[in-house]
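Shown next: coords12.txt, containing compact mmCIF, C-alpha atoms.
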```
# COMPACT_ATOMS: atom_id res chain seq x y z
CA MET A 1 65.56 -62.37 174.15
CA PRO A 2 62.42 -63.84 175.82
CA GLU A 3 59.48 -64.91 173.68
CA PRO A 4 56.42 -62.58 173.62
CA VAL A 5 54.29 -65.23 175.33
CA GLU A 6 56.80 -65.41 178.18
CA ASP A 7 56.54 -61.63 178.61
CA ILE A 8 52.76 -61.91 178.81
CA GLN A 9 52.98 -64.72 181.36
CA ARG A 10 54.91 -62.48 183.78
CA ILE A 11 52.19 -59.81 183.77
CA ALA A 12 48.98 -61.78 183.10
CA PRO A 13 47.24 -64.78 184.70
CA ALA A 14 47.54 -68.17 182.99
CA ALA A 15 43.85 -68.16 182.00
CA ALA A 16 44.25 -64.80 180.26
CA VAL A 17 47.32 -66.04 178.40
CA THR A 18 45.45 -69.13 177.23
CA ALA A 19 42.53 -67.03 176.02
CA LEU A 20 44.84 -64.62 174.22
CA VAL A 21 46.78 -67.38 172.48
CA SER A 22 43.54 -69.10 171.46
CA ARG A 23 42.21 -65.86 170.02
CA VAL A 24 45.40 -65.21 168.06
CA LEU A 25 45.35 -68.75 166.64
CA ALA A 26 41.66 -68.46 165.77
CA GLU A 27 42.27 -65.17 163.98
CA ALA A 28 45.14 -66.73 162.06
CA ASP A 29 42.98 -69.72 161.07
CA GLY A 30 40.19 -67.35 160.04
CA ALA A 31 42.53 -65.27 157.89
CA GLN A 32 43.87 -68.42 156.24
CA ALA A 33 40.33 -69.66 155.58
CA ARG A 34 39.34 -66.32 154.03
CA THR A 35 42.41 -66.42 151.81
CA SER A 36 41.52 -69.96 150.72
CA LEU A 37 37.93 -68.98 149.92
CA GLN A 38 39.10 -65.95 147.95
CA ALA A 39 41.50 -68.10 145.92
CA ALA A 40 38.69 -70.57 145.23
CA ARG A 41 36.40 -67.77 144.06
CA GLU A 42 39.11 -66.61 141.67
CA VAL A 43 39.28 -70.12 140.21
CA TYR A 44 35.52 -70.01 139.60
CA HIS A 45 35.65 -66.56 137.99
CA ASN A 46 38.58 -67.57 135.76
CA ILE A 47 36.76 -70.64 134.47
CA ALA A 48 33.47 -68.77 133.98
CA ALA A 49 35.20 -65.95 132.09
CA ASN A 50 37.05 -68.44 129.89
CA ILE A 51 33.84 -70.28 129.01
CA ALA A 52 32.08 -66.96 128.27
CA ARG A 53 34.57 -66.42 125.44
CA VAL A 54 32.87 -69.35 123.67
CA MET A 55 29.35 -69.50 125.14
CA GLN A 56 27.36 -66.32 124.50
CA GLY A 57 24.43 -65.65 126.84
CA GLN A 58 24.86 -68.80 128.94
CA ALA A 59 26.07 -67.32 132.23
CA ALA A 60 23.27 -69.00 134.21
CA ALA A 61 23.98 -72.43 132.70
CA THR A 62 27.71 -72.00 133.30
CA ARG A 63 27.03 -71.06 136.92
CA LYS A 64 25.04 -74.27 137.49
CA LEU A 65 27.59 -76.41 135.66
CA LEU A 66 30.45 -75.08 137.79
CA ALA A 67 28.38 -75.49 140.96
CA ALA A 68 28.01 -79.19 140.14
CA LEU A 69 31.72 -79.48 139.35
CA ALA A 70 32.73 -77.74 142.59
CA SER A 71 30.33 -79.79 144.73
CA GLY A 72 31.35 -83.17 143.30
CA GLY A 73 28.18 -83.90 141.34
CA HIS A 74 27.44 -84.77 137.71
CA VAL A 75 25.29 -82.93 135.16
CA LEU A 76 22.69 -83.95 132.58
CA LEU A 77 22.13 -81.34 129.86
CA GLU A 78 18.81 -81.81 128.08
CA ASP A 79 17.93 -79.42 125.30
CA PHE A 80 17.17 -79.17 121.61
CA PRO A 81 19.91 -79.90 119.05
CA GLY A 82 22.24 -77.01 118.29
CA THR A 83 21.84 -75.10 121.56
CA GLY A 84 25.46 -75.64 122.58
CA LYS A 85 25.38 -78.57 125.00
CA THR A 86 28.49 -80.25 123.63
CA THR A 87 30.24 -76.90 123.14
CA LEU A 88 29.67 -76.00 126.80
CA ALA A 89 31.14 -79.32 127.93
CA LYS A 90 34.17 -78.91 125.67
CA ALA A 91 34.68 -75.31 126.79
CA LEU A 92 34.78 -76.41 130.42
CA ALA A 93 37.20 -79.24 129.63
CA ARG A 94 39.54 -76.94 127.71
CA SER A 95 39.46 -74.37 130.52
CA ILE A 96 40.93 -76.89 132.96
CA GLU A 97 44.34 -78.44 132.50
CA ALA A 98 42.94 -81.94 132.99
CA GLN A 99 42.25 -85.08 130.98
CA PHE A 100 39.08 -85.01 128.87
CA LYS A 101 37.41 -87.79 126.88
CA ARG A 102 34.21 -87.99 124.89
CA ILE A 103 31.96 -90.97 124.22
CA GLN A 104 29.37 -90.79 121.44
CA PHE A 105 26.61 -93.07 122.70
CA THR A 106 25.03 -95.30 120.03
CA PRO A 107 22.76 -98.37 120.17
CA ASP A 108 25.66 -100.73 119.46
CA LEU A 109 27.93 -99.32 122.20
CA LEU A 110 28.96 -101.96 124.76
CA PRO A 111 29.88 -101.56 128.45
CA SER A 112 33.44 -102.65 127.64
CA ASP A 113 33.68 -99.73 125.20
CA ILE A 114 33.29 -97.46 128.24
CA LEU A 115 35.00 -99.34 131.05
CA GLY A 116 37.78 -101.11 129.20
CA VAL A 117 38.67 -104.72 128.52
CA ALA A 118 41.33 -107.30 129.43
CA ILE A 119 43.25 -108.54 126.38
CA PHE A 120 45.38 -111.68 126.33
CA ASN A 121 49.05 -111.10 125.52
CA GLN A 122 50.69 -113.94 123.63
CA ARG A 123 54.18 -112.96 124.79
CA ASP A 124 53.73 -113.30 128.54
CA GLN A 125 50.59 -115.47 128.41
CA LEU A 126 48.75 -113.00 130.67
CA PHE A 127 45.66 -110.81 130.42
CA HIS A 128 46.37 -107.06 130.49
CA PHE A 129 43.65 -104.54 131.22
CA HIS A 130 43.26 -101.69 128.73
CA GLU A 131 41.46 -98.75 130.29
CA GLY A 132 38.35 -97.38 128.63
CA PRO A 133 37.48 -93.70 128.22
CA ILE A 134 35.85 -93.61 131.66
CA PHE A 135 39.34 -93.36 133.18
CA THR A 136 39.59 -89.60 132.81
CA ASN A 137 38.88 -86.37 134.71
CA ILE A 138 36.05 -84.95 132.62
CA LEU A 139 33.86 -87.30 130.60
CA LEU A 140 31.37 -86.13 127.97
CA ALA A 141 28.65 -88.74 127.48
CA ASP A 142 27.09 -87.38 124.29
CA GLU A 143 23.46 -88.38 123.60
CA ILE A 144 23.49 -90.82 126.49
CA ASN A 145 19.93 -92.00 125.84
CA ARG A 146 20.91 -93.52 122.49
CA ALA A 147 22.75 -96.41 124.16
CA SER A 148 21.03 -99.51 125.50
CA PRO A 149 20.10 -99.76 129.21
CA ARG A 150 22.89 -102.33 129.64
CA THR A 151 25.46 -99.80 128.45
CA GLN A 152 23.91 -96.93 130.39
CA SER A 153 24.20 -98.97 133.58
CA ALA A 154 27.98 -99.13 133.11
CA LEU A 155 28.06 -95.55 134.41
CA LEU A 156 26.10 -96.23 137.60
CA GLU A 157 28.97 -97.44 139.78
CA ALA A 158 31.38 -94.88 138.33
CA MET A 159 29.08 -91.93 138.99
CA GLY A 160 27.98 -93.11 142.40
CA GLU A 161 31.24 -94.38 143.89
CA SER A 162 34.05 -93.10 141.61
CA GLN A 163 35.14 -96.64 140.84
CA VAL A 164 34.45 -99.43 138.36
CA SER A 165 34.46 -103.20 138.75
CA VAL A 166 35.86 -105.13 135.79
CA ASP A 167 36.54 -108.89 135.83
CA GLY A 168 35.92 -108.97 139.57
CA GLU A 169 38.54 -106.32 140.30
CA ARG A 170 37.78 -102.86 141.62
CA ARG A 171 39.55 -99.97 139.93
CA ASP A 172 39.42 -96.45 141.36
CA LEU A 173 38.82 -93.46 139.13
CA ALA A 174 40.66 -90.14 139.25
CA GLY A 175 40.28 -87.79 142.20
CA LEU A 176 38.42 -85.42 139.89
CA PHE A 177 35.84 -87.40 137.93
CA PHE A 178 33.07 -85.30 136.40
CA VAL A 179 30.44 -86.57 133.96
CA ILE A 180 28.57 -84.24 131.61
CA ALA A 181 25.86 -86.13 129.76
CA THR A 182 23.65 -84.74 127.01
CA GLN A 183 20.36 -85.79 125.52
CA ASN A 184 17.71 -84.29 123.25
CA PRO A 185 14.05 -83.99 124.31
CA VAL A 186 13.08 -84.84 120.71
CA GLU A 187 14.04 -87.60 118.27
CA PHE A 188 12.78 -90.47 120.44
CA ARG A 189 13.27 -93.13 117.77
CA GLY A 190 16.23 -95.33 118.66
CA THR A 191 16.53 -93.93 122.18
CA TYR A 192 16.27 -95.54 125.61
CA PRO A 193 14.98 -93.27 128.42
CA LEU A 194 17.28 -93.20 131.42
CA PRO A 195 15.90 -95.22 134.37
CA GLU A 196 15.19 -93.57 137.71
CA ALA A 197 18.38 -94.96 139.29
CA GLN A 198 20.47 -93.41 136.52
CA MET A 199 18.67 -90.05 136.74
CA ASP A 200 19.24 -89.97 140.49
CA ARG A 201 23.01 -90.17 139.93
CA PHE A 202 22.99 -86.75 138.29
CA ALA A 203 23.26 -83.89 140.76
CA MET A 204 21.54 -81.55 138.29
CA GLN A 205 19.59 -81.54 135.07
CA PHE A 206 18.98 -78.30 133.21
CA ALA A 207 18.64 -76.82 129.75
CA LEU A 208 20.59 -74.08 128.03
CA GLY A 209 17.73 -72.59 126.04
CA TYR A 210 17.89 -70.29 123.04
CA VAL A 211 19.92 -67.10 123.39
CA GLN A 212 18.72 -63.58 122.63
CA SER A 213 18.93 -62.19 119.09
CA ALA A 214 21.92 -59.94 119.84
CA GLU A 215 23.79 -62.83 121.44
CA GLU A 216 23.09 -65.06 118.44
CA VAL A 217 24.52 -62.37 116.16
CA ALA A 218 27.65 -62.35 118.36
CA ILE A 219 27.87 -66.14 117.91
CA LEU A 220 27.80 -65.71 114.13
CA LYS A 221 30.56 -63.10 114.27
CA ALA A 222 32.71 -65.27 116.55
CA GLN A 223 32.45 -68.25 114.18
CA GLU A 224 32.83 -66.32 110.94
CA HIS A 225 36.31 -67.72 110.30
CA ASN A 226 36.90 -70.47 112.90
CA HIS A 227 35.36 -71.82 116.08
CA PRO A 228 36.38 -70.02 119.30
CA LEU A 229 36.97 -73.42 120.91
CA ALA A 230 40.05 -73.85 118.74
CA GLU A 231 41.72 -70.91 120.48
CA LEU A 232 40.58 -71.65 124.02
CA LYS A 233 43.44 -72.39 126.44
CA PRO A 234 43.45 -73.76 130.00
CA CYS A 235 43.13 -71.05 132.65
CA VAL A 236 43.28 -73.21 135.80
CA SER A 237 44.99 -76.46 136.76
CA LEU A 238 43.59 -79.71 138.09
CA LEU A 239 44.95 -78.84 141.53
CA ASP A 240 43.06 -75.54 141.42
CA VAL A 241 39.77 -77.38 140.87
CA LEU A 242 40.51 -79.83 143.68
CA ALA A 243 41.25 -76.85 145.96
CA LEU A 244 37.95 -75.32 144.85
CA ARG A 245 36.13 -78.47 145.96
CA ARG A 246 37.81 -78.37 149.37
CA ALA A 247 36.88 -74.70 149.75
CA VAL A 248 33.22 -75.50 149.02
CA GLU A 249 33.19 -77.97 151.90
CA ALA A 250 34.29 -75.15 154.24
CA VAL A 251 31.24 -73.00 153.42
CA ARG A 252 28.94 -73.01 156.46
CA ILE A 253 25.28 -74.00 156.34
CA SER A 254 23.09 -73.56 159.43
CA GLU A 255 20.95 -76.27 160.99
CA GLU A 256 17.84 -74.27 160.03
CA LEU A 257 18.82 -74.31 156.36
CA LYS A 258 19.65 -78.02 156.48
CA LYS A 259 16.12 -78.56 157.83
CA TYR A 260 14.81 -76.31 155.02
CA VAL A 261 16.55 -78.48 152.42
CA VAL A 262 15.12 -81.66 153.95
CA ASP A 263 11.64 -80.13 154.10
CA LEU A 264 11.77 -79.14 150.42
CA VAL A 265 12.89 -82.57 149.29
CA GLY A 266 10.54 -84.39 151.66
CA ALA A 267 7.52 -82.41 150.44
CA THR A 268 7.95 -83.89 146.95
CA ARG A 269 7.25 -87.37 148.34
CA THR A 270 3.72 -86.46 149.34
CA ALA A 271 2.96 -83.90 146.63
CA PRO A 272 -0.21 -84.55 144.56
CA GLY A 273 0.51 -86.18 141.22
CA VAL A 274 3.94 -87.50 142.22
CA GLN A 275 4.40 -91.25 142.07
CA LEU A 276 8.01 -91.26 143.32
CA GLY A 277 9.53 -88.34 145.23
CA ALA A 278 13.15 -87.28 145.60
CA SER A 279 15.53 -89.33 147.74
CA PRO A 280 18.00 -88.20 150.46
CA ARG A 281 20.60 -88.10 147.68
CA ALA A 282 18.72 -85.05 146.39
CA SER A 283 19.02 -83.39 149.81
CA ILE A 284 22.78 -83.95 149.83
CA ALA A 285 23.17 -82.66 146.26
CA LEU A 286 21.09 -79.56 147.00
CA MET A 287 23.07 -78.74 150.14
CA LYS A 288 26.47 -79.15 148.46
CA ALA A 289 25.50 -77.25 145.33
CA ALA A 290 24.12 -74.40 147.46
CA GLN A 291 27.47 -74.27 149.28
CA ALA A 292 29.20 -73.90 145.90
CA LEU A 293 26.90 -71.09 144.78
CA SER A 294 27.44 -69.27 148.07
CA LEU A 295 31.18 -69.45 147.50
CA PHE A 296 30.72 -68.08 143.98
CA ASP A 297 28.62 -65.22 145.41
CA GLY A 298 31.41 -64.20 147.78
CA LEU A 299 29.86 -65.66 150.92
CA ASP A 300 31.26 -68.13 153.43
CA PHE A 301 27.77 -69.24 154.47
CA VAL A 302 24.64 -70.47 152.67
CA THR A 303 21.50 -68.34 152.38
CA PRO A 304 17.98 -69.47 151.32
CA GLU A 305 18.44 -67.75 147.95
CA GLN A 306 21.07 -70.25 146.78
CA ILE A 307 18.87 -73.18 147.82
CA GLN A 308 15.86 -71.76 146.00
CA GLU A 309 17.88 -71.05 142.86
CA LEU A 310 18.99 -74.70 142.63
CA ALA A 311 15.85 -76.48 143.82
CA VAL A 312 14.40 -77.13 140.35
CA PRO A 313 17.60 -78.32 138.56
CA VAL A 314 18.54 -80.52 141.54
CA ILE A 315 15.14 -82.02 142.43
CA ALA A 316 12.81 -82.00 139.41
CA HIS A 317 14.53 -84.66 137.28
CA ARG A 318 14.35 -87.15 140.18
CA LEU A 319 10.54 -87.10 140.39
CA VAL A 320 8.34 -89.69 138.70
CA MET A 321 4.93 -88.26 137.87
CA GLU A 322 1.71 -90.25 137.88
CA PRO A 323 0.24 -90.86 134.40
CA GLN A 324 -2.91 -88.85 135.20
CA ALA A 325 -0.81 -85.88 136.30
CA ARG A 326 1.27 -85.99 133.11
CA PHE A 327 -1.84 -86.12 130.94
CA SER A 328 -3.29 -83.11 132.76
CA GLY A 329 -0.16 -81.08 132.01
CA GLN A 330 1.46 -81.22 135.44
CA THR A 331 5.26 -81.45 135.37
CA ALA A 332 7.99 -82.14 137.91
CA ARG A 333 9.13 -78.54 137.57
CA THR A 334 5.69 -77.19 138.58
CA VAL A 335 5.69 -79.56 141.57
CA VAL A 336 9.01 -78.17 142.81
CA ASP A 337 7.82 -74.59 142.20
CA ASP A 338 4.70 -75.28 144.30
CA VAL A 339 6.80 -76.82 147.08
CA LEU A 340 9.03 -73.72 147.13
CA LYS A 341 5.95 -71.54 147.64
CA LYS A 342 4.50 -73.70 150.42
CA ILE A 343 7.53 -74.47 152.60
CA ARG A 344 8.32 -71.70 155.07
CA VAL A 345 11.68 -70.03 154.50
CA PRO A 346 13.86 -69.82 157.64
CA ALA A 347 14.18 -66.28 158.99
```
Rewrite the coordinates I just gave you, this time as structure tokens.
Amino acid sequence: MPEPVEDIQRIAPAAAVTALVSRVLAEADGAQARTSLQAAREVYHNIAANIARVMQGQAAATRKLLAALASGGHVLLEDFPGTGKTTLAKALARSIEAQFKRIQFTPDLLPSDILGVAIFNQRDQLFHFHEGPIFTNILLADEINRASPRTQSALLEAMGESQVSVDGERRDLAGLFFVIATQNPVEFRGTYPLPEAQMDRFAMQFALGYVQSAEEVAILKAQEHNHPLAELKPCVSLLDVLALRRAVEAVRISEELKKYVVDLVGATRTAPGVQLGASPRASIALMKAAQALSLFDGLDFVTPEQIQELAVPVIAHRLVMEPQARFSGQTARTVVDDVLKKIRVPA
């Protein structure tokens, strides 16, 4: 029995056959892409729903956290003690069937406590490297500003290049390497503010904030006998998260919106009161995070709304304000808000 294409060739010109085959293949690729995006959205919704079982009233924070995870960035959570920063990180880690490690940062913590150390073995007269907690999928750096700058810098290479260099040897980290760091905006005694280079490694910085009264009552009820974290089980696999990241890369962003992102970030470099504006790394982080949010919203393309939603958490923490501006009450957040109002939104 002849193939369908051969039947078409007998009754249609070669050019028409080529166009028809191309269209059929394109439709098949499009259907496969839509299926992939739908599966990725289901991964997001599964994780978000699982976290919501533990975190009451933190849907917005969860949305940003998962956008950073899906876009390959890292997150700095800065908020008052007891607002659930560590709980959110643990809830995410327990929702994914992946390796999770936590480091409690203290002033006496050393870089080797994070990266690992080579120990001499008397039996074979050789040094053997023992991996530190940084060799994991999800790393919780709790109260990161309590460690010395020397120890903080141990994370720079890992967060920027997904690798570490120990004893002159480069060691690659896992395909999924996601850092969630926490710090408190109070209790400054015994702390070391993160330098600009370290802040720039975080794709986002945001706060959780206090929940509403009804949600706080729900928290009390949920923890009346035991913590909900104890019963939380993985709902997605490591491969699901890696597929989610690949799906985010397939979300389209127009040239006009890329220019919009660059204009927003570039405007911070000349804004009044700003000593140091955001770098191109901020533009990349904003674009990728907006792609993730678009995927979460059921779109296969980016709109200005996703960019505007993420502008403050992606850009603000990278700005260094002039002393006079700080004393007058101006903040990096207000700078980004002003930039959003001034830059024309693409039609």
Q: Take CA of Glu322 in chain A and CA of Gln198 in chain A and report the distance between them in Å, one decimal.
A: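 Rounded to one decimal, the two atoms are 19.1 Å apart.
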**Q.** Given only C-alpha atoms as the counted atoms, nearest of A:Asp167, A:Glu143, A:Asp297, A:Glu256 to Gly190 in chain A
**A.** A:Glu143
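As for CA of Ser213 in chain A and CA of Ala59 in chain A, they are spaced 15.8 Å apart.
Taking only C-alpha atoms, the non-local environment of Lys258 in chain A within 12 Å (same-chain residues fewer than 3 positions away omitted) comprises Arg252, Ile253, Ser254, Glu255, Val261, Val262, Asp263, Leu264, Val265, Pro280, Ser283, Ile284, Ala285, Leu286, Met287, Lys288, Ala290, Gln291, Val302, Thr303, Pro304, Ile307, Val345 and Pro346 of chain A.
Considering all atoms listed in the file, the residue among A:Phe80, A:Tyr192, A:Phe100, A:Phe296 positioned nearest to Asn46 in chain A is A:Phe296.
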**Q.** Sel. within 10 Å of pt (34.7, -78.9, 131.0), counting all atoms listed in the file, output as a list in words
**A.** Ile47, Ile51, Leu65, Leu66, Leu69, Thr86, Thr87, Leu88, Ala89, Lys90, Ala91, Leu92, Ala93, Arg94, Ser95, Ile96, Glu97, Ala98, Gln99, Phe100, Asn137, Ile138, Leu139, Leu140, Phe178, Val179 and Ile180 of chain A
Q) Expressed in Å to a single decimal, how great is the separation between CA of Gly132 in chain A and CA of Ala181 in chain A? A) 16.8 Å
Q: May I have the residues within 9 Å of Phe177 in chain A as JSON, numbers by chain, using all atoms listed in the file and disregarding those fewer than 3 positions away in the same chain?
A: {"A": [72, 74, 134, 135, 136, 137, 138, 139, 158, 159, 162, 173, 174]}
I'd like the box whose edges run along x, y and z of the file and which contains every listed atom of range 61-77 of chain A, padded by 3 Å per side; could you state its centre and edge lengths in Å, one decimal, as JSON?
```
{"center_x": 27.4, "center_y": -77.9, "center_z": 137.3, "size_x": 16.6, "size_y": 19.7, "size_z": 20.9}
```
Q) Nearest to Thr182 in chain A among A:Asp300, A:Glu131, A:Asp108, A:Asp142, with distances taken over only C-alpha atoms: which residue is it? A)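 Of the candidates, the smallest distance to Thr182 in chain A is held by A:Asp142.
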